[in-house]
Structures are given as C-alpha cells and as structure tokens.
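Structure file target-v3.cif with mmCIF, C-alpha atoms:
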data_my_file
loop_
_atom_site.label_atom_id
_atom_site.label_comp_id
_atom_site.auth_asym_id
_atom_site.auth_seq_id
_atom_site.Cartn_x
_atom_site.Cartn_y
_atom_site.Cartn_z
CA MET A 1 -72.77 19.70 -43.57
CA ALA A 2 -73.39 19.71 -47.32
CA VAL A 3 -69.73 19.10 -47.92
CA PHE A 4 -70.06 15.54 -46.62
CA GLU A 5 -73.02 14.64 -48.81
CA TYR A 6 -70.72 13.55 -51.63
CA GLU A 7 -68.66 10.39 -51.51
CA PHE A 8 -65.63 11.97 -53.16
CA MET A 9 -65.54 14.66 -50.44
CA GLN A 10 -65.76 12.00 -47.75
CA ARG A 11 -62.78 10.21 -49.29
CA ALA A 12 -60.91 13.50 -49.54
CA PHE A 13 -61.43 14.27 -45.85
CA TRP A 14 -60.44 10.76 -44.80
CA ALA A 15 -57.32 10.98 -46.95
CA GLY A 16 -56.52 14.44 -45.64
CA GLY A 17 -56.90 13.28 -42.05
CA LEU A 18 -54.57 10.33 -42.59
CA ILE A 19 -51.90 12.39 -44.33
CA GLY A 20 -52.39 15.25 -41.86
CA ILE A 21 -51.30 12.94 -39.06
CA ILE A 22 -48.17 11.40 -40.53
CA ALA A 23 -46.83 14.14 -42.86
CA PRO A 24 -46.25 16.83 -40.18
CA ILE A 25 -44.49 14.33 -37.90
CA LEU A 26 -42.22 13.41 -40.78
CA GLY A 27 -41.67 17.10 -41.47
CA VAL A 28 -40.37 17.72 -37.94
CA TYR A 29 -37.75 15.00 -38.35
CA LEU A 30 -36.81 16.18 -41.86
CA MET A 31 -36.31 19.75 -40.66
CA LEU A 32 -34.17 18.68 -37.73
CA ARG A 33 -32.11 16.46 -40.05
CA ARG A 34 -31.79 19.36 -42.54
CA GLN A 35 -33.41 17.31 -45.32
CA VAL A 36 -36.39 19.54 -46.04
CA LEU A 37 -35.90 19.47 -49.83
CA MET A 38 -36.11 15.68 -49.82
CA ALA A 39 -39.91 15.88 -49.83
CA ASP A 40 -39.92 18.11 -52.90
CA THR A 41 -37.41 15.84 -54.61
CA LEU A 42 -39.40 12.67 -54.02
CA SER A 43 -42.59 14.32 -55.25
CA HIS A 44 -40.94 14.83 -58.65
CA VAL A 45 -39.66 11.27 -58.60
CA SER A 46 -43.13 10.01 -57.73
CA LEU A 47 -44.54 11.96 -60.68
CA ALA A 48 -42.14 10.07 -62.91
CA GLY A 49 -43.52 6.83 -61.47
CA VAL A 50 -47.07 7.92 -62.26
CA ALA A 51 -46.02 8.71 -65.83
CA LEU A 52 -44.26 5.37 -66.15
CA GLY A 53 -47.34 3.50 -64.96
CA SER A 54 -49.55 5.35 -67.43
CA VAL A 55 -47.22 4.69 -70.36
CA MET A 56 -46.85 0.99 -69.51
CA ASN A 57 -50.59 0.58 -68.75
CA LEU A 58 -49.88 -0.20 -65.10
CA ASN A 59 -51.51 1.21 -61.99
CA PRO A 60 -50.05 4.75 -61.82
CA VAL A 61 -50.66 5.00 -58.08
CA ILE A 62 -48.69 1.86 -57.27
CA CYS A 63 -45.94 2.86 -59.71
CA GLY A 64 -45.75 6.28 -58.07
CA PHE A 65 -45.28 4.65 -54.66
CA ALA A 66 -42.65 2.24 -55.96
CA ILE A 67 -40.59 4.86 -57.78
CA ALA A 68 -40.79 7.23 -54.80
CA VAL A 69 -39.37 4.52 -52.54
CA ILE A 70 -36.58 3.78 -55.02
CA GLY A 71 -35.81 7.50 -55.25
CA ALA A 72 -35.68 7.80 -51.46
CA LEU A 73 -33.20 4.92 -51.25
CA LEU A 74 -31.05 6.52 -53.96
CA VAL A 75 -31.05 9.85 -52.14
CA GLU A 76 -29.95 8.17 -48.93
CA GLN A 77 -27.22 6.20 -50.71
CA LEU A 78 -25.92 9.28 -52.50
CA ARG A 79 -26.06 11.26 -49.27
CA ARG A 80 -23.52 8.86 -47.81
CA SER A 81 -21.32 9.25 -50.88
CA TYR A 82 -21.45 13.06 -50.75
CA ARG A 83 -21.23 13.68 -47.01
CA THR A 84 -19.51 17.04 -47.45
CA TYR A 85 -21.99 18.22 -50.11
CA SER A 86 -25.32 17.10 -48.68
CA GLU A 87 -27.37 19.08 -51.22
CA VAL A 88 -25.85 17.25 -54.22
CA PRO A 89 -27.94 14.04 -53.91
CA VAL A 90 -31.14 16.07 -53.72
CA ALA A 91 -30.24 18.00 -56.89
CA ILE A 92 -29.28 14.82 -58.76
CA ILE A 93 -32.44 12.90 -57.94
CA MET A 94 -34.76 15.89 -58.41
CA THR A 95 -33.49 16.75 -61.87
CA SER A 96 -33.41 13.10 -62.91
CA GLY A 97 -36.96 12.48 -61.72
CA LEU A 98 -38.31 15.60 -63.39
CA ALA A 99 -36.51 14.83 -66.65
CA LEU A 100 -37.85 11.28 -66.67
CA ALA A 101 -41.40 12.52 -65.99
CA VAL A 102 -41.23 15.01 -68.86
CA VAL A 103 -39.94 12.40 -71.32
CA LEU A 104 -42.53 9.81 -70.31
CA MET A 105 -45.34 12.35 -70.49
CA SER A 106 -44.36 13.18 -74.06
CA LEU A 107 -44.85 9.54 -75.04
CA LYS A 108 -48.55 9.68 -74.28
CA THR A 109 -50.52 12.73 -75.32
CA ASN A 110 -53.75 12.10 -73.37
CA LEU A 111 -52.22 12.46 -69.92
CA SER A 112 -52.75 16.20 -69.45
CA LYS A 113 -55.92 15.91 -67.34
CA THR A 114 -54.51 13.13 -65.18
CA PHE A 115 -51.25 14.95 -64.56
CA SER A 116 -53.02 18.20 -63.83
CA SER A 117 -54.63 16.55 -60.79
CA TYR A 118 -51.26 15.16 -59.67
CA LEU A 119 -49.47 18.48 -60.19
CA PHE A 120 -51.93 20.67 -58.31
CA GLY A 121 -53.96 18.22 -56.24
CA SER A 122 -57.58 17.31 -56.75
CA ILE A 123 -60.21 16.11 -54.31
CA VAL A 124 -61.78 13.97 -57.04
CA ALA A 125 -58.43 12.25 -57.63
CA VAL A 126 -58.57 10.36 -54.33
CA SER A 127 -59.77 6.86 -55.18
CA ASN A 128 -60.57 4.02 -52.82
CA VAL A 129 -57.25 2.37 -53.69
CA GLN A 130 -55.35 5.54 -52.80
CA LEU A 131 -57.34 5.90 -49.59
CA TRP A 132 -56.43 2.40 -48.42
CA MET A 133 -52.79 2.96 -49.34
CA MET A 134 -52.79 6.19 -47.35
CA ALA A 135 -54.26 4.36 -44.38
CA ALA A 136 -51.53 1.74 -44.64
CA VAL A 137 -48.82 4.42 -44.84
CA CYS A 138 -50.28 6.23 -41.83
CA VAL A 139 -50.35 3.06 -39.73
CA ILE A 140 -46.83 2.06 -40.81
CA GLY A 141 -45.54 5.55 -40.06
CA LEU A 142 -47.11 5.73 -36.61
CA VAL A 143 -45.76 2.31 -35.67
CA PHE A 144 -42.33 3.35 -36.99
CA PHE A 145 -42.21 6.58 -35.01
CA ILE A 146 -43.58 5.03 -31.82
CA VAL A 147 -41.49 1.85 -31.74
CA LEU A 148 -38.25 3.52 -32.88
CA ARG A 149 -38.78 6.90 -31.23
CA ARG A 150 -35.66 6.78 -29.04
CA PRO A 151 -33.08 5.61 -31.64
CA LEU A 152 -34.69 7.87 -34.24
CA TYR A 153 -34.44 10.81 -31.85
CA ASN A 154 -30.73 10.12 -31.33
CA LEU A 155 -30.20 9.66 -35.06
CA THR A 156 -31.93 12.94 -35.85
CA PHE A 157 -29.71 15.08 -33.65
CA ASP A 158 -26.34 13.31 -33.96
CA GLU A 159 -25.64 10.30 -36.17
CA GLU A 160 -22.16 9.71 -34.77
CA THR A 161 -23.36 9.67 -31.18
CA ALA A 162 -26.26 7.42 -32.16
CA SER A 163 -23.85 5.00 -33.83
CA ILE A 164 -21.64 4.91 -30.74
CA GLY A 165 -24.74 4.27 -28.65
CA GLY A 166 -25.54 1.12 -30.62
CA VAL A 167 -28.09 2.49 -33.10
CA GLN A 168 -28.05 0.83 -36.53
CA VAL A 169 -27.62 4.16 -38.26
CA LYS A 170 -27.53 2.94 -41.86
CA GLY A 171 -30.53 0.64 -41.58
CA LEU A 172 -32.60 3.19 -39.68
CA SER A 173 -31.70 5.94 -42.17
CA PHE A 174 -32.79 3.79 -45.10
CA ALA A 175 -36.04 2.87 -43.33
CA PHE A 176 -36.68 6.56 -42.67
CA ALA A 177 -36.02 7.31 -46.35
CA VAL A 178 -38.52 4.64 -47.42
CA LEU A 179 -41.17 6.08 -45.10
CA THR A 180 -40.50 9.54 -46.54
CA GLY A 181 -41.03 8.24 -50.06
CA LEU A 182 -44.28 6.52 -49.09
CA THR A 183 -45.60 9.62 -47.33
CA VAL A 184 -44.77 11.92 -50.23
CA ALA A 185 -46.45 9.58 -52.72
CA SER A 186 -49.51 9.41 -50.46
CA ALA A 187 -49.80 13.18 -50.13
CA MET A 188 -49.72 13.86 -53.88
CA PRO A 189 -53.46 13.41 -54.53
CA ILE A 190 -54.31 15.95 -51.81
CA VAL A 191 -51.92 18.86 -52.42
CA GLY A 192 -50.23 17.84 -55.66
CA VAL A 193 -46.59 17.42 -56.62
CA LEU A 194 -45.85 21.13 -56.65
CA LEU A 195 -47.08 21.71 -53.08
CA VAL A 196 -46.45 18.40 -51.34
CA SER A 197 -43.49 19.82 -49.45
CA ALA A 198 -45.75 22.56 -48.04
CA LEU A 199 -47.89 19.97 -46.27
CA ILE A 200 -44.80 18.37 -44.77
CA VAL A 201 -42.71 21.46 -44.00
CA LEU A 202 -45.08 24.31 -43.03
CA PRO A 203 -46.73 22.65 -39.98
CA ALA A 204 -43.31 21.47 -38.80
CA ALA A 205 -41.82 24.93 -39.30
CA LEU A 206 -44.52 26.50 -37.14
CA ALA A 207 -44.26 23.79 -34.48
CA LEU A 208 -40.49 24.05 -34.15
CA ARG A 209 -40.75 27.83 -33.96
CA ILE A 210 -43.24 28.06 -31.10
CA SER A 211 -42.80 24.81 -29.15
CA ARG A 212 -40.51 24.38 -26.17
CA SER A 213 -39.95 20.63 -26.43
CA PHE A 214 -39.64 17.95 -29.08
CA ALA A 215 -42.86 16.19 -28.03
CA ALA A 216 -44.77 19.48 -28.09
CA ALA A 217 -43.44 20.18 -31.58
CA LEU A 218 -44.85 16.87 -32.86
CA VAL A 219 -48.28 17.55 -31.33
CA ILE A 220 -48.46 21.13 -32.61
CA ALA A 221 -47.36 20.05 -36.09
CA VAL A 222 -50.09 17.40 -36.32
CA ILE A 223 -52.81 19.75 -35.03
CA THR A 224 -51.72 22.48 -37.46
CA GLY A 225 -51.60 20.05 -40.37
CA LEU A 226 -55.08 18.67 -39.68
CA ILE A 227 -56.65 22.11 -39.27
CA GLY A 228 -54.94 23.33 -42.43
CA ILE A 229 -56.06 20.33 -44.48
CA PHE A 230 -59.66 20.27 -43.27
CA GLY A 231 -59.95 24.03 -43.55
CA GLY A 232 -58.39 23.99 -47.01
CA LEU A 233 -60.67 21.23 -48.30
CA THR A 234 -63.77 22.99 -46.94
CA THR A 235 -62.73 26.34 -48.40
CA SER A 236 -61.86 24.69 -51.72
CA TYR A 237 -65.30 23.08 -51.90
CA HIS A 238 -67.25 26.27 -51.17
CA TRP A 239 -65.08 28.69 -53.15
CA ASN A 240 -64.21 26.32 -55.99
CA THR A 241 -60.47 26.85 -55.57
CA PRO A 242 -57.66 24.29 -56.07
CA PRO A 243 -57.43 22.23 -52.86
CA GLY A 244 -53.65 21.94 -52.88
CA GLY A 245 -53.03 25.64 -53.18
CA THR A 246 -55.76 26.47 -50.68
CA ILE A 247 -54.31 24.11 -48.07
CA ALA A 248 -50.81 25.49 -48.62
CA LEU A 249 -51.98 29.10 -48.27
CA ILE A 250 -53.85 28.33 -45.04
CA LEU A 251 -50.78 26.59 -43.60
CA LEU A 252 -48.63 29.54 -44.70
CA ALA A 253 -51.05 31.92 -42.98
CA PHE A 254 -50.74 29.84 -39.80
CA LEU A 255 -46.94 30.02 -40.00
CA LEU A 256 -46.84 33.79 -40.58
CA THR A 257 -49.41 34.39 -37.85
CA GLY A 258 -47.46 32.22 -35.41
CA ILE A 259 -44.18 33.98 -36.16
CA SER A 260 -45.79 37.42 -35.85
CA ALA A 261 -47.52 36.50 -32.59
CA GLN A 262 -44.28 35.13 -31.18
CA LYS A 263 -42.41 38.31 -32.06
CA LEU A 264 -45.11 40.48 -30.49
CA ILE A 265 -45.02 38.38 -27.32
CA GLN A 266 -41.22 38.62 -27.21
CA LEU A 267 -41.41 42.40 -27.72
CA TYR A 268 -43.99 42.70 -24.95
CA ASN A 269 -41.90 40.55 -22.61
CA ARG A 270 -38.79 42.64 -23.31
CA LYS A 271 -40.66 45.87 -22.60
CA ARG A 272 -42.15 44.38 -19.46
CA HIS A 273 -38.74 43.18 -18.34
CA ARG A 274 -37.19 46.62 -18.89
CA LYS A 275 -40.03 48.21 -16.96
CA GLU A 276 -39.57 45.77 -14.08
CA VAL A 277 -35.83 46.43 -14.06
CA LYS A 278 -36.44 50.18 -13.91
CA GLN A 279 -38.97 49.80 -11.12
CA GLN A 280 -36.63 47.51 -9.20
CA GLY A 281 -33.80 50.00 -9.65
CA ALA A 282 -36.02 52.82 -8.41
CA ARG A 283 -36.99 50.81 -5.34
CA ILE A 284 -33.37 50.01 -4.58
CA LEU A 285 -32.47 53.71 -4.92
CA ILE A 286 -35.28 54.77 -2.56
CA GLN A 287 -34.32 52.11 -0.02
CA SER A 288 -30.67 53.17 -0.15
CA ARG A 289 -31.63 56.76 0.51
CA GLU A 290 -33.85 55.77 3.41
CA ASN A 291 -31.10 53.65 4.94
CA THR A 292 -28.47 56.40 4.64
CA PRO A 293 -28.00 58.15 8.09
CA HIS A 294 -28.80 61.86 8.08
CA GLU A 295 -26.14 64.38 9.11
CA ILE A 296 -26.34 65.35 12.77
CA GLN A 297 -27.15 69.04 13.04
#

Step by step, read the file and then write its structure as structure tokens.
Amino acid sequence: MAVFEYEFMQRAFWAGGLIGIIAPILGVYLMLRRQVLMADTLSHVSLAGVALGSVMNLNPVICGFAIAVIGALLVEQLRRSYRTYSEVPVAIIMTSGLALAVVLMSLKTNLSKTFSSYLFGSIVAVSNVQLWMMAAVCVIGLVFFIVLRRPLYNLTFDEETASIGGVQVKGLSFAFAVLTGLTVASAMPIVGVLLVSALIVLPAALALRISRSFAAALVIAVITGLIGIFGGLTTSYHWNTPPGGTIALILLAFLLTGISAQKLIQLYNRKRHRKEVKQQGARILIQSRENTPHEIQ
C-alpha cells in the first residue's frame, strides 16, 4: 500500500499498534475502578511537562513522561486523602496541569506549531525516540497486567477485600497510577492531548458493554482499539484529516454501532421470547382441552 511507502507513516502505524494494545487494556481497568477522567487529567499534566521541557531546552518527550508520572502519583495520593470525594483529586490535578501548561507556553512564543501536534495529534510528530518509548511502555504494561493479573483484578473490584486477601493495595495502586501516566504520555503523539482519553475509554466502553466476561472484555477492547487506530491513520492519510480526531470518531462509531446492535438483539430476543411464551401457552391450552373428559350423553 502507498501509505507504507513513507517512513513517518511506518512509525505512526508501529506507534499506533503499540498504544492500541496497552491503552484499551488500561481503559477497562480504569472504567471498572471509576477513574475514567484520570486519563484526561494526566494528558493535561503531560502537556505541562512538554511545555516545561521546551522552555528549559530539555527533551519535551521525556519531560512529558516524567511530569505525567508525577501527576499520576499525586492523583493517587490525593485520592486517598479525599476518599469520600473521589472526583476532587482529578479536578485539582487537571486544573493545575492546564494552568501550568498555559503559563509555560506564554514564556516561549514559538511553540504554537509544536503544541498543535500535541493538542490534536500528528502522524509526523512520532519520532524514533517516541517510538522506542512507546515500545518500552507497551512491554512494561503487558508484563504488569500479566504478572499481577490476579491481585489487580481483586483490587479493581474491591480494595478492602483485596487488602484482607493479602494484596499490597497501596503499592499496587501507585504502580497502576504510574503505568497510567506512562500510557497517557505515550498516546499523546497519536491522538493528541484533547482526545487521548478517547483512545483509552471508547474501546473499553464498547468491550464492557457487549462482553460477557472480564477476559473477553480485554480482548474485545484491544481488537477495537487496533482497528480504530489503523483505520483512523489510513483514513487520515487518504483524506488529509487530523489523525487524532479521525481515530476518535471511528472508535465512537464502533461504540454507537455496538450499542445499537445490542439493543436490536435484545429487542429481537424479547419479541422472540414473548412469541415462544404465547405459543407454549397455546399448546398447554390445547393439551388441557384434549385431556378434559367429554360429558357422557
């Protein structure tokens, strides 16, 4: 295909494949833990890290990763301080990260083009350094989810029960927060800061809606994420549309189609069930009439 003739498109597809594996898995856990907005929060924090790196003449990619991890740890720490108000830490870190990004961006006037690619995603923004970092995050994430799948499963559904069962809840929660920060920072070059949560949440939302088991949800989320990313990058290349927005719209279309199909199937099953009940009732009525003895003339 002509789309693979260019090196930057090859890097984009490799990066999309790596993020398409780990981000949806993370999204399933975030949704079950009711921490969906954490991805959006850390994307703003990561943007502040990119701005800080640019202002201080450091590698903006590495700074974005570092600040995202710090933000994730702060969210987790504040979450334990505000147990009753779980949305407060997200609001605090999100507003702080966005405010810091705006202030740092104002200190350097030639950052508009760079930040445009980070805000909306750009296939040409994926460098070799970012690609290797994404590969490292993907490997770390897969090892994390495979090795710690059982304690993480218990932690996701009930922290108190997991703690009683011997799970190191605090340490595992902080490790999960760090992985979330790394994944969000990795996904930024593909879909951008404004849509990074779509890549994490939409495949997971579809998977949890139509799957019948936790393992099936993980598989469906990954497949949906990969198809959405590859389809979005291909469409973006041929139609000259922003890759981040294109990927998000395709994933949204998958979600809406899945929900609609599920409702139609449920409606069909209900109608079929009512029809079977009526037919069964009619058969019982006929049998009862046949078994009733006739009056002797």

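A straight line drawn from CA of Val139 (chain A) to CA of Gly20 (chain A) is 12.5 Å long.
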
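The set of residues that the PyMOL selection byres ((chain A and resi 64) around 7) takes from this file is Ser46, Leu47, Gly49, Val50, Pro60, Val61, Ile62, Cys63, Phe65, Ala66, Ile67, Ala68 and Ala185 of chain A.
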
Selection dump of the PyMOL selection byres ((chain A and resi 246) around 12), as JSON, numbers by chain: {"A": [120, 121, 122, 123, 190, 191, 192, 195, 198, 199, 228, 229, 230, 231, 232, 233, 234, 235, 236, 237, 238, 239, 240, 241, 242, 243, 244, 245, 247, 248, 249, 250, 251, 252, 253]}

Spatial neighbours of Ala221 (chain A), max dist 6 Å, all atoms listed in the file, sep filter under 3 positions, as a VMD selection string: chain A and resid 24 203 to 204 207 217 to 218 224

Filtering to C-alpha atoms, could you give me those residues as a compact mmCIF listing (two decimals), in the frame of the given file?
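The resulting part.txt:
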# COMPACT_ATOMS: atom_id res chain seq x y z
CA PRO A 24 -46.25 16.83 -40.18
CA PRO A 203 -46.73 22.65 -39.98
CA ALA A 204 -43.31 21.47 -38.80
CA ALA A 207 -44.26 23.79 -34.48
CA ALA A 217 -43.44 20.18 -31.58
CA LEU A 218 -44.85 16.87 -32.86
CA THR A 224 -51.72 22.48 -37.46

Residue nearest Leu142 (chain A) among A:Ile265, A:Ile19, A:Leu78, A:Ala48 (counting only C-alpha atoms): A:Ile19

Test item: residues at most 10 Å from Met38 (chain A), only C-alpha atoms, excluding those fewer than 3 positions along its chain, as a VMD selection string: chain A and resid 30 34 to 35 41 to 43 71 to 72 75 to 76 87 89 to 91 93 to 94 177 180 to 181 184 197

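Using only C-alpha atoms, the smallest distance between any of A:Val193, A:Ala205, A:Leu73, A:Ile200 and Leu172 (chain A) comes from A:Leu73.
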
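Distances from A:Ile92, A:Ala23, A:Leu52, A:Ala216 to Val196 (chain A) were compared using all atoms listed in the file, and the smallest one belongs to A:Ala23.
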
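The shortest atom-to-atom distance to Leu202 (chain A), with all atoms listed in the file taken into account, belongs to A:Val222 out of A:Leu264, A:Cys138, A:Ala187, A:Val222.
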
I'd like the contact shell of Ile259 (chain A) - 8 Å cut-off, all atoms listed in the file, skipping same-chain residues fewer than 4 positions apart - returned as a PDB file with C-alpha atoms, keeping the file's coordinate frame.
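Result saved to around.pdb:
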ATOM      1  CA  LEU A 206     -44.520  26.500 -37.140  1.00  0.00           C
ATOM      2  CA  ARG A 209     -40.750  27.830 -33.960  1.00  0.00           C
ATOM      3  CA  ILE A 210     -43.240  28.060 -31.100  1.00  0.00           C
ATOM      4  CA  LEU A 255     -46.940  30.020 -40.000  1.00  0.00           C
ATOM      5  CA  LYS A 263     -42.410  38.310 -32.060  1.00  0.00           C
TER       6      LYS A 263
END

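One distance worth recording is that between CA of Ile286 (chain A) and CA of Lys271 (chain A), which is 22.6 Å.
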
Export region 235-246 of chain A of the preceding structure, keeping all heavy atoms, as an mmCIF file, in the first residue's frame.
data_model
loop_
_atom_site.group_PDB
_atom_site.id
_atom_site.type_symbol
_atom_site.label_atom_id
_atom_site.label_comp_id
_atom_site.auth_asym_id
_atom_site.auth_seq_id
_atom_site.Cartn_x
_atom_site.Cartn_y
_atom_site.Cartn_z
ATOM 1 N N THR A 235 -7.388 6.432 7.041
ATOM 2 C CA THR A 235 -8.345 7.444 6.585
ATOM 3 C C THR A 235 -7.744 8.833 6.639
ATOM 4 O O THR A 235 -7.935 9.649 5.721
ATOM 5 C CB THR A 235 -9.614 7.396 7.459
ATOM 6 O OG1 THR A 235 -10.169 6.080 7.433
ATOM 7 C CG2 THR A 235 -10.651 8.398 6.970
ATOM 8 N N SER A 236 -6.995 9.115 7.704
ATOM 9 C CA SER A 236 -6.351 10.421 7.843
ATOM 10 C C SER A 236 -5.360 10.673 6.718
ATOM 11 O O SER A 236 -5.260 11.785 6.195
ATOM 12 C CB SER A 236 -5.644 10.501 9.197
ATOM 13 O OG SER A 236 -4.877 11.674 9.293
ATOM 14 N N TYR A 237 -4.634 9.647 6.319
ATOM 15 C CA TYR A 237 -3.639 9.795 5.248
ATOM 16 C C TYR A 237 -4.308 10.090 3.907
ATOM 17 O O TYR A 237 -3.876 10.973 3.158
ATOM 18 C CB TYR A 237 -2.797 8.526 5.155
ATOM 19 C CG TYR A 237 -1.839 8.505 3.995
ATOM 20 C CD1 TYR A 237 -0.620 9.177 4.060
ATOM 21 C CD2 TYR A 237 -2.160 7.806 2.818
ATOM 22 C CE1 TYR A 237 0.254 9.153 2.979
ATOM 23 C CE2 TYR A 237 -1.285 7.783 1.740
ATOM 24 C CZ TYR A 237 -0.085 8.455 1.835
ATOM 25 O OH TYR A 237 0.788 8.445 0.769
ATOM 26 N N HIS A 238 -5.370 9.351 3.597
ATOM 27 C CA HIS A 238 -6.014 9.490 2.289
ATOM 28 C C HIS A 238 -6.917 10.720 2.206
ATOM 29 O O HIS A 238 -7.037 11.325 1.131
ATOM 30 C CB HIS A 238 -6.820 8.231 1.971
ATOM 31 C CG HIS A 238 -5.972 7.036 1.672
ATOM 32 N ND1 HIS A 238 -5.174 6.941 0.555
ATOM 33 C CD2 HIS A 238 -5.780 5.881 2.362
ATOM 34 C CE1 HIS A 238 -4.541 5.782 0.543
ATOM 35 N NE2 HIS A 238 -4.880 5.118 1.634
ATOM 36 N N TRP A 239 -7.538 11.092 3.304
ATOM 37 C CA TRP A 239 -8.475 12.206 3.290
ATOM 38 C C TRP A 239 -7.881 13.497 3.842
ATOM 39 O O TRP A 239 -8.551 14.523 3.877
ATOM 40 C CB TRP A 239 -9.732 11.854 4.086
ATOM 41 C CG TRP A 239 -10.582 10.815 3.420
ATOM 42 C CD1 TRP A 239 -10.302 10.113 2.286
ATOM 43 C CD2 TRP A 239 -11.872 10.380 3.845
ATOM 44 N NE1 TRP A 239 -11.302 9.250 1.980
ATOM 45 C CE2 TRP A 239 -12.297 9.386 2.921
ATOM 46 C CE3 TRP A 239 -12.691 10.701 4.909
ATOM 47 C CZ2 TRP A 239 -13.513 8.740 3.050
ATOM 48 C CZ3 TRP A 239 -13.910 10.053 5.032
ATOM 49 C CH2 TRP A 239 -14.319 9.087 4.101
ATOM 50 N N ASN A 240 -6.634 13.419 4.309
ATOM 51 C CA ASN A 240 -5.947 14.587 4.847
ATOM 52 C C ASN A 240 -6.719 15.203 6.024
ATOM 53 O O ASN A 240 -6.925 16.414 6.113
ATOM 54 C CB ASN A 240 -5.739 15.646 3.753
ATOM 55 C CG ASN A 240 -4.712 16.703 4.166
ATOM 56 O OD1 ASN A 240 -3.826 16.445 4.990
ATOM 57 N ND2 ASN A 240 -4.840 17.898 3.619
ATOM 58 N N THR A 241 -7.141 14.353 6.928
ATOM 59 C CA THR A 241 -7.847 14.794 8.133
ATOM 60 C C THR A 241 -6.949 14.603 9.355
ATOM 61 O O THR A 241 -6.006 13.806 9.313
ATOM 62 C CB THR A 241 -9.145 13.992 8.327
ATOM 63 O OG1 THR A 241 -8.832 12.591 8.365
ATOM 64 C CG2 THR A 241 -10.123 14.255 7.196
ATOM 65 N N PRO A 242 -7.216 15.303 10.449
ATOM 66 C CA PRO A 242 -6.399 15.128 11.669
ATOM 67 C C PRO A 242 -6.495 13.698 12.171
ATOM 68 O O PRO A 242 -7.603 13.173 12.350
ATOM 69 C CB PRO A 242 -7.030 16.108 12.667
ATOM 70 C CG PRO A 242 -7.732 17.116 11.818
ATOM 71 C CD PRO A 242 -8.212 16.369 10.611
ATOM 72 N N PRO A 243 -5.368 13.033 12.413
ATOM 73 C CA PRO A 243 -5.410 11.621 12.807
ATOM 74 C C PRO A 243 -6.105 11.392 14.135
ATOM 75 O O PRO A 243 -6.849 10.424 14.285
ATOM 76 C CB PRO A 243 -3.932 11.219 12.869
ATOM 77 C CG PRO A 243 -3.187 12.497 13.006
ATOM 78 C CD PRO A 243 -3.989 13.526 12.286
ATOM 79 N N GLY A 244 -5.850 12.275 15.110
ATOM 80 C CA GLY A 244 -6.471 12.089 16.419
ATOM 81 C C GLY A 244 -7.981 12.116 16.357
ATOM 82 O O GLY A 244 -8.664 11.227 16.876
ATOM 83 N N GLY A 245 -8.515 13.134 15.705
ATOM 84 C CA GLY A 245 -9.961 13.245 15.587
ATOM 85 C C GLY A 245 -10.563 12.124 14.769
ATOM 86 O O GLY A 245 -11.651 11.624 15.079
ATOM 87 N N THR A 246 -9.865 11.704 13.719
ATOM 88 C CA THR A 246 -10.360 10.619 12.876
ATOM 89 C C THR A 246 -10.431 9.308 13.652
ATOM 90 O O THR A 246 -11.417 8.567 13.573
ATOM 91 C CB THR A 246 -9.453 10.449 11.644
ATOM 92 O OG1 THR A 246 -9.322 11.700 10.971
ATOM 93 C CG2 THR A 246 -10.031 9.422 10.691
#
